[in-house]
Each structure stands twice: as structure tokens, then as C-alpha cells.
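As C-alpha cells, the structure follows; a few thoughts come after it.
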There are 2 protein chains.
Amino acid sequence: MPDANAPKINKGLDGIYVSESKICKVDGLNGKLYYRGYPIDDIAANCSFEEASYLILHGTLPNRGQLDEFSKSLSAERDLPTLVVDVIEDTASEKDPMHVLMSAVSLLPAFDEEADDAGEDANLRKSIRIISKMSSIVAAIGRYRNEGEEYVPPDKSLDHVENFMYMLNGKKPTKQEYDIMRIMFLLQLEHSSNASTFSAMVTGSSLSDIYSAVTSAIGTLKGPLHGEADEMALKMIEAIGNPDNTEKYIEDALAGKQRIMGFGHRIYKTYDPRAKILKKYLLELQEHSAEDVRKLTEIALRAEKMMIDKLGASHGIWPNVDFFAGPLYTAAGIQIDLFTPIFAASRATGWCAHLLEYWKENKLIRPLEYYTGPLDLKYLPIGERQ
Amino acid sequence: MPDANAPKINKGLDGIYVSESKICKVDGLNGKLYYRGYPIDDIAANCSFEEASYLILHGTLPNRGQLDEFSKSLSAERDLPTLVVDVIEDTASEKDPMHVLMSAVSLLPAFDEEADDAGEDANLRKSIRIISKMSSIVAAIGRYRNEGEEYVPPDKSLDHVENFMYMLNGKKPTKQEYDIMRIMFLLQLEHSSNASTFSAMVTGSSLSDIYSAVTSAIGTLKGPLHGEADEMALKMIEAIGNPDNTEKYIEDALAGKQRIMGFGHRIYKTYDPRAKILKKYLLELQEHSAEDVRKLTEIALRAEKMMIDKLGASHGIWPNVDFFAGPLYTAAGIQIDLFTPIFAASRATGWCAHLLEYWKENKLIRPLEYYTGPLDLKYLPIGERQ
């Protein structure tokens with residue numbers, strides 16, 4: 001019998017507004033994305049990581065002096081405590097890199113005298129520490145996943161993205177590698193109150209500290225419904241293997257009601273503007289790419305065409321940011337199991353910006369459940385139970 | 001100018017139902033709490049930790065065979081990986097014990113072959129591992145916070161609460177210590193979708209693993225608006241110092257609009273049924289207690305009377321579970337900085353039960369934000385910025 005008193009259950013909080021924000025506008029109907037009011041196309045075309053990270057944290061584009069100071073404070077924080085490097089060394093070779101990242105970040109407050117200082121200035125300094133050190137941690141995880149490689153300490157003369165690639169590979173990136181990684185860092189910086197960002201806000205709302213909140217976000221990003229989608233999209237492209245298999249693979253997958261990773265989005269009901277930017281880069285790269293990247297690109301483009309024909313306008317299922325990421329990362333020499341950790345290292349900016357904003361008018365996030373079980377059951381001694 | 005298009009913002013998700021649940025009913029108007037339909041008074045009067053933990057995880061009270069099997073599987077999981085003990089040793093003496101707990105739990109999946117197995121049976125086994133090992137971790141943190149003390153390995157012949165006290169103190173608890181800790185573990189096992197449990201659900205909703213979800217919950221519980229309230233309540237009682245100072249202290253605090261920790265609750269608008277149980281225990285203990293506990297108890301009772309007179313019926317602000325916890329923990333020899341970690345070790349059961357339940361009909365939890373900033377700002381080259 002239906003329960004006449006049952007309240008509306010907001011599964012997944014779909015359509016529920018939890019806060020106001022001035023950080024990021026996702027216009028899902030028109031396929032537009034703004035960071036602090038600036039269209040993502042302009043950000044991608046013009047900004048360094050440091051510039052965009054400053055914009056998202058502070059709300060305005062930095063002038064020369066502000067940018068220099070911010071860049072210096074970021075690079076100054078790149079070193080990792082020895083215990084953190086040791087834990088990465090002990091666990092990274094065989095374990096899930098997102099678990100290793102979570103452990104490493106959760107250890108950082110043990111080495112931060114300001115860990116429990118809840119002041120706004122302290123939280124901004126800790127944000128810079130987290131953004132800086134998470135890149136170092138992800139690079140260290142990448143090193144230790146390859147047998148025989150050792151930790152490469154940061155080079156503070158390099159910019160954020162260059163240093164990441166230097167710590168990962170032991171040498172500076174080529175121009176093409178740098179361009180790809182700059183774009184990947186920029187496009188993943190921030191995306192409003194998605195699951196991981198919301199998770200940071202929930203933890204932060206108890207007035208827990210920023211390290212704990214970012215640790216929650218990492219754990220949430222780890223899930224296959226969230227951060228791992230780009231890894232799964234590339235695995236599908238690799239499984240297709242030969243461009244001429246693409247159409248049959250997609251057809252069979254759709255017939256079997258298999259979900260095609262990299263397509264469809266809770267908010268975007270049209271082409272994800274970030275996917276457009278990535279596709280453009282991929283096309284520009286194509287003629288200079290190695291054989292394997294050219295093949296992945298061809299498969300991706302053929303799969304994209306078929307998916308749009310079948311599900312685009314008719315079902316609102318379009319390519320999202322995850323779909324073209326794989327071939328681009330491959331062109332930059334990034335291994336698949338680092339995609340989600342790099343996403344985390346980039347999104348750290350958005351997580352911290354949301355926490356700083358939410359704490360200005362904090363309220364504990366505590367929704368309700370509707371209880372549908374029995375009441376007033378009689379406790380029976382253990383000998384009398386079935 | 002007010003924004004005519006602004007949607008309703010559900011700050012803190014107050015009053016928003018996010019799911020159905022059969023685990024726990026909190027009847028805030030009538031001051032009643034049920035675990036799987038059984039009144040909390042019956043649970044507190046009759047159950048061992050193992051029995052109540054089984055009830056919450058499985059939905060029914062165990063018969064003798066089920067309880068024996070469950071108890072055995074819990075005790076078999078008490079050992080900690082060496083790296084986890086090392087990290088606790090390296091960080092526990094000076095650092096926030098909740099950060100240490102978070103790091104330690106986030107390392108556990110690195111030693112679990114089933115870490116990323118999302119099957120229901122595997123998740124139940126992992127729940128038992130987490131519930132068992134979190135008690136060992138909290139005991140180890142307690143050891144290493146005292147200079148000169150070493151890790152005490154678990155004794156698998158003891159029950160869950162006895163073993164916790166054994167690992168913490170290096171000796172078995174007295175009957176009074178055991179009774180207090182049994183009650184504290186039982187009353188903190190579960191409390192519907194509060195902030196930490198909801199945080200576990202948000203992380204779990206991306207289909208991330210159970211270790212990551214529990215790590216998020218620990219980070220959320222750490223906040224002073226949530227798990228730390230019992231520590232702050234005892235600090236206030238200790239600050240009052242002399243029973244005869246109680247009334248003046250409370251009066252001054254209320255006049256200064258200072259929040260009195262341990263009173264008031266988002267859901268309970270009457271006497272928290274758990275606080276009633278704790279108060280009863282405290283009164284029973286009083287004549288057998290040491291001088292310091294008797295003094296804390298007297299202050300607590302006088303503060304309670306005054307708060308109820310001033311704010312109880314008139315403002316719906318009544319004692320909650322945090323208020324009487326401090327004097328009881330003190331009587332069991334538990335130091336204040338372990339209160340929240342013990343809360344976590346107990347609530348691990350509720351977190352895992354909620355995850356197991358939510359995953360049966362999972363939906364990614366992803367609310368919306370309402371963007372209130374500017375749009376279509378023009379990107380200026382850095383030289384042209386103010």
C-alpha cells in the first residue's frame with residue numbers, strides 16, 4: 001500500500017539547489033562553461049595554470065604583480081614531507097593510485113602547523129599548499145608505478161605544469177606535451193557542485209579542515225561514475241583497436257544496452273564545451289602524432305560521429321570532456337592510471353575555491369532520510385530467536 | 001534587485017529527504033530512537049557491541065550461531081598492517097588524532113585484495129574489516145599519544161569492546177570501564193543520515209569503494225559542528241571547574257550568546273533519548289566514582305538543570321548525546337582527544353550499513369548551485385589589467 005505520508009525523496013539530489021556560488025557557471029542547455037564569468041574558450045586559449053587557478057580562487061584575473069606572487073607561493077610549496085614520499089613508495093607500485101593519493105593528502109596536515117587554523121587567510125595558504133603538493137604527489141605516484149624509477153624532487157624554477165611533467169618524467173616536457181597538459185589542467189580546474197566538489201562541501205560544512213574536505217573529494221572522484229570515466233573511455237577506444245571496427249563495436253554495445261563512456265552528462269544536454277576544445281586540439285595534433293595516437297584519434301572521431309547520429313539530437317547524449325581526453329593524454333605520454341589523479345590535482349583548485357566560498361556562510365549539510373522499516377519491535381533474548 | 005528567477009536554495013539541505021532507509025528511525029519530536037525498529041533503550045540494556053552491530057548491518061537480531069560467526073569474523077580482522085602501525089607511530093604523538101585515523105583508514109585498501117571488488121558480499125566482508133580495524137587503529141592512536149607506550153597487538157579471545165580497552169591500556173578493563181564503553185559504543189553506532197553518514201553516501205554514490213567512503217565520513221565527523229561536540233562539552237565542564245561556579249558560568253555564557261556545547265540538535269526538539277541513558281548511567285556510577293568524576297558529574301547535572309529551565313520547553317533546546325559523554329568517558333579513563341575517534345570507530349557500523357543499503361539502488365548524488373556572478377566577461381591581456 002502506498003504510504004500517504006511519504007515525503008518527496010530527492011534521489012541523487014537531482015534538481016535540488018544547495019547553495020549560491022560565484023565561481024563557475026555551467027550552462028548545460030547551451031553548452032557553455034564560465035570560470036568566474038570568463039568563457040572557457042578564452043581561458044583555454046590564453047591562460048597558464050597559475051593564471052586560471054588564481055582566477056578561480058580569487059575571483060579576478062591577476063595583474064602581473066599578483067600573478068608573480070601567486071606563482072612564487074605555489075612553487076615554494078612543491079616539496080613533499082619524507083613520510084609522504086615513503087608512503088607513496090611503499091604503496092604506489094601495486095595499489096590504486098587514487099587510494100595512494102588519498103592517503104598522501106590525508107597525511108599532509110600532520111606536517112602543517114596551520115592544519116587546524118580555520119581563519120580565511122590560513123585556508124587560502126593551505127589551498128595553495130594543497131594545489132601545489134597534489135601535483136607533486138601525483139607525479140611521485142606516476143614515478144613509483146614504474147619499476148626502478150625514483151622520486152624526482154621538484155624544480156622550483158619551472159611553472160606548475162612544466163614541473164609536474166619534470167617530476168613525472170625526470171625531464172622537461174616537449175612543447176606539444178606541455179600544451180596538452182596545460183589544456184588538461186585548465187579544463188578540469190572547476191565544474192560547480194559536482195559530486196566531488198559537493199563532497200568537499202559536506203565535509204567542510206561540519207567545520208572540519210580543508211585537508212579533510214579535499215581528502216573526501218578525492219575519494220568521491222575515484223568512483224567510476226565520476227572521475228574514472230576518462231580512463232574507461234580510453235579503454236573502450238583501445239578495445240575497439242582498429243578504426244574499421246568502430247561502427248560495429250558501437251552498434252553492438254548500444255544493442256546490448258552497454259553504457260558508452262565519455263558520452264552523456266547530468267547537466268550538459270548538448271555538446272560539452274570542453275569536449276569541443278579537446279577535439280580541436282586533437283585535430284590540430286593529428287598530422288604530427290605517432291601512429292598509435294593517430295589510430296586512437298580516428299577511432300574516437302568515428303565513434304563520436306556515430307554516437308551523435310544515433311543519440312545526439314534525439315536523446316541529448318553528446319560527447320563529454322572525458323571522451324577525447326584519452327587520445328590527448330596518450331599523445332603527451334601519460335599512462336591511463338594517472339588520468340584520474342591528474343583530474344584530482346587540477347580540480348584541487350575548484351575544491352578549495354568552493355570551500356573558501358562556502359565557509360563564508362557555512363551551514364552544516366545534513367539532509368533527511370525517510371524511514372520505511374518497522375517500529376517498536378520487541379527485543380527477544382538470544383535463546384528465543386529463530 | 002531581487003532575482004526573480006532565483007530557485008529555492010536549500011541551505012544545509014535542511015528538511016530535504018535524500019533517500020529511504022530501513023536502518024534507523026530518529027523521532028525528533030518524541031525523543032525516540034530505533035535501531036532497525038528496536039527502541040534504543042532495549043539495545044542499551046541488552047546488547048553487546050557485536051549483537052547491535054550485526055543488527056544494524058543485517059537488519060535482524062542474530063541467533064546464537066549467527067552471533068558466534070559474526071563475532072569470530074570481527075575478531076579475526078583486528079590485526080593492522082605494519083605500514084599502518086608505522087604511520088600511526090610517526091604521526092600520533094603530536095597530530096590531530098582524527099587526521100591520523102583518516103590516514104590510517106585510507107591506507108587499509110592497499111592491504112586488501114578485495115579493495116575494489118564492488119560485490120555485495122565483498123562489501124560486507126570489507127565492512128567487518130573496517131569496523132574491526134578502526135577500533136584497533138583508535139586504540140593504537142591512544143597508545144602512541146602517550147610518550148613511551150608501544151603498540152599492543154590485539155587479543156582475539158576478547159570481545160570487541162574488551163579488546164579495544166586492552167589494546168588501549170595494555171590490560172583488560174574493569175567491569176565499570178567495560179560497561180561504560182559498551183554503552184558509548186552502542187549509543188554511537190548509528191544515527192540516520194547525519195553529516196558524516198551522508199558524506200559516506202556522497203562518496204559512495206560515485207561507486208567509489210567503501211574505504212574511500214568511510215574516509216570521507218571520518219573527515220566530516222572531525223568537524224566541531226559534528227563529532228567534536230562531546231570534547232567541547234567536557235572542556236566546558238572542566239572550565240567551570242567548581243560545581244558552585246556552574247550557574248554563573250552558564251548565565252554569563254548565555255548572556256554573551258555563547259553556544260553551550262552538548263545542548264540542542266538539528267533533529268531532536270526534546271530530550272535526546274541517548275542523553276537520558278547516559279544520565280542514568282552517570283547517576284548510578286556517581287557514588288562509586290573518583291572525586292574528579294563526581295565533581296564533573298555535579299557540574300553537568302547543575303548545568304543541565306539550568307539549561308532546561310531556561311531553554312528546554314521554551315526554545316526546544318535540550319541535552320544531546322554529547323553532554324554527558326565526557327564525565328562517563330572520564331570515569332572509564334578515556335582521554336578527551338580520543339572521544340571523536342571512538343565515536344568514529346563506533347559509527348563505522350552505521351556508515352557501512354548505509355553504504356550497503358544505498359548501493360542497492362545507487363544514484364550519483366550531485367545537487368545544483370545557483371550561479372550569481374557575472375557572465376561573458378572580456379578576457380584582457382595581463383598588461384591591460386588593473
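Ordering of the C-alpha cells sets the chain letters (A, B, ...); residue numbers start at 1 within each chain; ligands are numbered from 1 in the order shown.
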
Using DSSP on the backbone coordinates, identify all residues within range 125-360 of chain A classified as alpha helix (DSSP H); present the result as a PyMOL selection string.
-> chain A and resi 125-145+160-169+175-187+195-205+210-221+229-240+246-255+273-285+291-307+313-315+325-331+339-358

Exercise: Ala92 in chain A partners within 6 Å, only C-alpha atoms, chain neighbours under 6 positions left out, as a PyMOL selection string | chain A and resi 141+144-145

Between A:Val18, A:Ile128, A:Ile250, A:Leu108, single out the one closest to chain B, counting only C-alpha atoms.
-> A:Val18

Which polymer residues have any atom within 12 Å of an atom of Gln386 in chain A, counting only C-alpha atoms, with same-chain residues fewer than 4 positions away left out, as an MDAnalysis selection string?
-> (chainID A and resid 380:382) or (chainID B and resid 60:66)

Which of these residues is nearest to Ile267 in chain B, using only C-alpha atoms: B:Asn194, B:Thr297, B:Ser53, B:Ser212?
->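 Once distances to Ile267 in chain B are computed over only C-alpha atoms, the minimum belongs to B:Asn194.
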
Contacts of range 275-287 of chain B at 7 Å or less, counting only C-alpha atoms, minus same-chain residues fewer than 6 places along, as an MDAnalysis selection string?
-> chainID B and resid 294 319:321 324:325 328

Residues just named, written with N, CA and C atoms as a JSON list (two decimals), in the first residue's frame:
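Ended up saving to selection13.json:
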```json
[["chain", "number", "residue", "atom", "x", "y", "z"],
["B", 294, "ARG", "N", 33.08, 12.67, 40.19],
["B", 294, "ARG", "CA", 31.92, 13.16, 40.96],
["B", 294, "ARG", "C", 31.75, 14.66, 40.75],
["B", 319, "PRO", "N", 19.39, 18.66, 26.34],
["B", 319, "PRO", "CA", 20.70, 17.97, 26.29],
["B", 319, "PRO", "C", 20.73, 16.95, 25.15],
["B", 320, "ASN", "N", 21.87, 16.86, 24.47],
["B", 320, "ASN", "CA", 22.04, 15.82, 23.45],
["B", 320, "ASN", "C", 23.10, 14.82, 23.92],
["B", 321, "VAL", "N", 23.35, 13.84, 23.09],
["B", 321, "VAL", "CA", 24.21, 12.72, 23.49],
["B", 321, "VAL", "C", 25.61, 13.17, 23.90],
["B", 324, "PHE", "N", 26.59, 14.35, 28.35],
["B", 324, "PHE", "CA", 27.01, 13.52, 29.49],
["B", 324, "PHE", "C", 28.14, 12.56, 29.14],
["B", 325, "ALA", "N", 28.56, 12.57, 27.85],
["B", 325, "ALA", "CA", 29.59, 11.62, 27.44],
["B", 325, "ALA", "C", 30.92, 11.87, 28.17],
["B", 328, "LEU", "N", 31.37, 10.44, 31.69],
["B", 328, "LEU", "CA", 31.41, 8.97, 31.63],
["B", 328, "LEU", "C", 32.74, 8.48, 31.08]]
```

Considering only C-alpha atoms, return as a compact mmCIF listing (two decimals) with N, CA, C and O atoms, in the first residue's frame whatever protein or nucleic-acid residues lie within 8 Å of range 27-43 of chain A, sequence-local ones (same chain, fewer than 2 positions apart) excluded.
```
# COMPACT_ATOMS: atom_id res chain seq x y z
N LYS A 22 29.56 32.04 -6.91
CA LYS A 22 30.05 32.97 -7.93
C LYS A 22 31.27 32.40 -8.64
O LYS A 22 32.04 33.14 -9.26
N ILE A 23 31.50 31.09 -8.55
CA ILE A 23 32.74 30.54 -9.08
C ILE A 23 32.62 30.10 -10.53
O ILE A 23 33.45 30.44 -11.37
N CYS A 24 31.58 29.39 -10.83
CA CYS A 24 31.53 28.69 -12.11
C CYS A 24 30.08 28.57 -12.57
O CYS A 24 29.20 28.22 -11.79
N LYS A 25 29.85 28.87 -13.85
CA LYS A 25 28.51 28.71 -14.40
C LYS A 25 28.58 27.61 -15.45
O LYS A 25 29.35 27.70 -16.41
N ALA A 45 42.36 29.32 -24.41
CA ALA A 45 43.22 29.92 -25.44
C ALA A 45 44.35 30.75 -24.83
O ALA A 45 45.41 30.90 -25.45
N ASN A 46 44.15 31.27 -23.64
CA ASN A 46 45.07 32.30 -23.14
C ASN A 46 45.81 32.01 -21.84
O ASN A 46 46.88 32.59 -21.61
N CYS A 47 45.23 31.21 -20.96
CA CYS A 47 45.73 31.20 -19.57
C CYS A 47 46.80 30.14 -19.31
O CYS A 47 46.75 29.03 -19.83
N ALA A 52 44.77 30.83 -14.30
CA ALA A 52 43.39 30.34 -14.14
C ALA A 52 43.13 29.92 -12.70
O ALA A 52 42.02 30.12 -12.17
N LEU A 55 42.50 33.00 -10.77
CA LEU A 55 41.15 33.50 -11.12
C LEU A 55 40.09 32.76 -10.32
O LEU A 55 39.18 33.38 -9.73
N ILE A 56 40.18 31.44 -10.29
CA ILE A 56 39.14 30.67 -9.62
C ILE A 56 39.19 30.87 -8.11
O ILE A 56 38.15 31.01 -7.46
N GLY A 59 38.75 35.17 -7.79
CA GLY A 59 37.57 35.78 -8.41
C GLY A 59 37.88 36.76 -9.52
O GLY A 59 36.98 37.16 -10.24
N THR A 60 39.13 37.21 -9.65
CA THR A 60 39.50 38.13 -10.73
C THR A 60 40.80 37.64 -11.37
O THR A 60 41.59 36.95 -10.72
N LEU A 186 43.75 22.95 -17.28
CA LEU A 186 42.80 24.07 -17.31
C LEU A 186 41.35 23.61 -17.37
O LEU A 186 40.48 24.13 -16.67
N LEU A 187 41.09 22.62 -18.22
CA LEU A 187 39.68 22.23 -18.43
C LEU A 187 39.12 21.45 -17.26
O LEU A 187 37.90 21.27 -17.16
N GLU A 190 37.67 23.17 -12.56
CA GLU A 190 36.47 23.55 -11.78
C GLU A 190 35.23 23.19 -12.59
O GLU A 190 35.24 23.30 -13.83
N ILE A 267 24.35 17.34 -16.54
CA ILE A 267 24.00 18.75 -16.74
C ILE A 267 23.99 19.14 -18.23
O ILE A 267 23.08 19.80 -18.70
N TYR A 268 25.03 18.74 -18.97
CA TYR A 268 25.07 19.11 -20.39
C TYR A 268 24.09 18.27 -21.18
O TYR A 268 24.22 17.04 -21.22
N LYS A 269 23.16 18.92 -21.87
CA LYS A 269 22.25 18.20 -22.76
C LYS A 269 22.59 18.51 -24.21
O LYS A 269 21.79 18.31 -25.12
N THR A 270 23.79 19.05 -24.42
CA THR A 270 24.30 19.32 -25.75
C THR A 270 25.81 19.06 -25.69
O THR A 270 26.30 18.50 -24.72
N TYR A 271 26.54 19.48 -26.71
CA TYR A 271 27.97 19.19 -26.77
C TYR A 271 28.70 19.88 -25.61
O TYR A 271 28.58 21.10 -25.44
N ASP A 272 29.42 19.13 -24.81
CA ASP A 272 30.21 19.67 -23.69
C ASP A 272 31.27 20.62 -24.28
O ASP A 272 32.06 20.22 -25.13
N PRO A 273 31.27 21.89 -23.87
CA PRO A 273 32.22 22.85 -24.47
C PRO A 273 33.68 22.43 -24.28
O PRO A 273 34.54 22.78 -25.09
N ARG A 274 33.95 21.70 -23.23
CA ARG A 274 35.32 21.24 -23.00
C ARG A 274 35.70 20.16 -24.02
O ARG A 274 36.83 20.10 -24.51
N ILE A 277 36.78 21.78 -27.22
CA ILE A 277 38.16 22.28 -27.19
C ILE A 277 39.15 21.13 -27.36
O ILE A 277 40.12 21.22 -28.12
N GLY B 373 27.19 35.11 -10.18
CA GLY B 373 28.26 36.01 -10.61
C GLY B 373 27.99 36.58 -12.00
O GLY B 373 26.93 36.36 -12.59
N PRO B 374 28.95 37.31 -12.54
CA PRO B 374 28.81 37.90 -13.88
C PRO B 374 28.97 36.84 -14.97
O PRO B 374 29.44 35.74 -14.71
N LEU B 375 28.62 37.21 -16.20
CA LEU B 375 28.80 36.30 -17.35
C LEU B 375 29.45 37.06 -18.50
O LEU B 375 29.37 38.28 -18.58
N ASP B 376 30.06 36.29 -19.39
CA ASP B 376 30.62 36.86 -20.62
C ASP B 376 31.56 38.04 -20.37
O ASP B 376 31.50 39.06 -21.07
N LEU B 377 32.40 37.91 -19.35
CA LEU B 377 33.44 38.93 -19.14
C LEU B 377 34.45 38.85 -20.28
O LEU B 377 34.67 37.79 -20.86
N LYS B 378 35.05 39.98 -20.58
CA LYS B 378 36.01 40.03 -21.69
C LYS B 378 37.42 39.78 -21.14
O LYS B 378 37.87 40.43 -20.20
N TYR B 379 38.10 38.83 -21.73
CA TYR B 379 39.46 38.48 -21.30
C TYR B 379 40.43 39.58 -21.74
O TYR B 379 40.55 39.85 -22.93
```
